[in-house]
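**Q** Let me give you the structure first, and then I'll get to my questions.
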Amino acid sequence: MKKITLLSICLFFMTSYGQQKKMWAKSFLNKKAPELVVSKWLTDEPETDGKFVLIDFWATWCGPCVKGIPEMNAFYKEFAKDMVVIGLSNESTAKIKRFNKAKIEYYSAIDRRARLNRALKIKGIPHCIIINPNGIVVWEGWPQLKGFELTSEVIQGLIDAYKA
């Protein structure tokens, strides 16, 4: 009996004080996503009807953002049938066009007024959200956060759960 009580107490503390996902934005998880508003598309505007939408909030000066571009390219290719990937920056068109540290192969847009950033209360980038075809945020956060990384397996799980 003593062992069961001790085990219960340990489990309580482990779950109560366990690692929690750090957020640098207001959480919209399982809520309706704010409207995607852009000032200008730097690529063709994607068709999002019936698809998941991954929005990557980024900037040219942000090292982790630049480091994540190849992964976003991979998600764009791997999930093209079910998901649209959009890179959204509040920098100028000229600055984005001069950017040459990595090649962005997915959709790209700017919003100089950072309307979606403000709606989500983003305080740090990179920040990503994944919106399901019903307009609900199903994943959010820093895509490279240790223990909470955005991976192909995570995305496939979200797609599979939606289709089930």
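Quick note on naming: the chains in the structure tokens go A, B, ... in the order shown, residues restart at 1 in each chain, and ligands are numbered from 1 in order of appearance.
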Excluding Lys51 in chain A and any residue of its chain fewer than 3 positions from it, enumerate the residues within 9 Å of it, using only C-alpha atoms, and give them as a PyMOL selection string.
**A** chain A and resi 47-48+81-84+131-134
**Q** Which parts of range 11-109 of chain A does DSSP call strand (DSSP E) when run on the backbone here, written out as a VMD selection string?
**A** chain A and resid 40 to 41 52 to 57 83 to 89 107 to 109
**Q** Can you build me a table of range 56-87 of chain A residues sitting at most 12 Å from range 23-37 of chain A, with the closest atom pair per residue and its distance in Å to one decimal, using only C-alpha atoms, sorted by chain and residue number, as JSON lines?
**A**
```
{"residue": "A:Asp56", "atom": "CA", "partner": "A:Leu36", "partner_atom": "CA", "distance": 11.9}
{"residue": "A:Phe57", "atom": "CA", "partner": "A:Ala25", "partner_atom": "CA", "distance": 11.3}
{"residue": "A:Ile86", "atom": "CA", "partner": "A:Leu36", "partner_atom": "CA", "distance": 10.4}
{"residue": "A:Gly87", "atom": "CA", "partner": "A:Leu36", "partner_atom": "CA", "distance": 11.8}
```
**Q** Convert the current residue selection to file output with N, CA and C atoms, as an mmCIF file, in the first residue's frame.
**A**
```cif
data_model
loop_
_atom_site.group_PDB
_atom_site.id
_atom_site.type_symbol
_atom_site.label_atom_id
_atom_site.label_comp_id
_atom_site.auth_asym_id
_atom_site.auth_seq_id
_atom_site.Cartn_x
_atom_site.Cartn_y
_atom_site.Cartn_z
ATOM 1 N N ASP A 56 4.035 29.924 -41.438
ATOM 2 C CA ASP A 56 5.323 30.095 -40.771
ATOM 3 C C ASP A 56 5.613 31.590 -40.688
ATOM 4 N N PHE A 57 5.585 32.142 -39.487
ATOM 5 C CA PHE A 57 5.897 33.554 -39.267
ATOM 6 C C PHE A 57 7.413 33.650 -39.143
ATOM 7 N N ILE A 86 2.752 28.391 -46.027
ATOM 8 C CA ILE A 86 2.887 29.818 -46.328
ATOM 9 C C ILE A 86 3.903 30.437 -45.373
ATOM 10 N N GLY A 87 4.907 31.094 -45.924
ATOM 11 C CA GLY A 87 5.833 31.887 -45.128
ATOM 12 C C GLY A 87 5.313 33.312 -45.090
#
```
**Q** Which residue gives the smallest distance to Lys123 in chain A among A:Trp142, A:Lys101, A:Glu153, A:Phe79, with only C-alpha atoms counted?
**A** A:Trp142
**Q** Within chain A, find each residue whose DSSP state, derived from the backbone, is helix (DSSP H, G or I), and express the selection as an MDAnalysis selection string.
**A** chainID A and resid 2:16 63:78 93:98 115:120 152:163
**Q** Can you measure CA of Trp58 in chain A to CA of His127 in chain A for me? One decimal in Å is fine.
**A**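 One can read the CA of Trp58 in chain A to CA of His127 in chain A distance as 7.2 Å.
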**Q** Within 12 Å of range 143-146 of chain A, counting only C-alpha atoms, which residues qualify if same-chain residues fewer than 3 places away don't, as a PyMOL selection string?
**A** chain A and resi 19-24+54-58+63-69+71-72+75+124-130+139-140+149-152+154-155
**Q** Just checking: using only C-alpha atoms, which residue out of A:Val85, A:Ala109, A:Ala80, A:Ile96 ends up closest to Thr60 in chain A?
**A** A:Ile96
**Q** What is the distance, in Å and to one decimal place, between CA of Ser39 in chain A and CA of Asn100 in chain A?
**A** 21.8 Å
**Q** Record the distance separating CA of Tyr106 in chain A and CA of Pro70 in chain A, expressed in Å with one decimal.
**A**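 Straight-line distance from CA of Tyr106 in chain A to CA of Pro70 in chain A works out to 10.1 Å.
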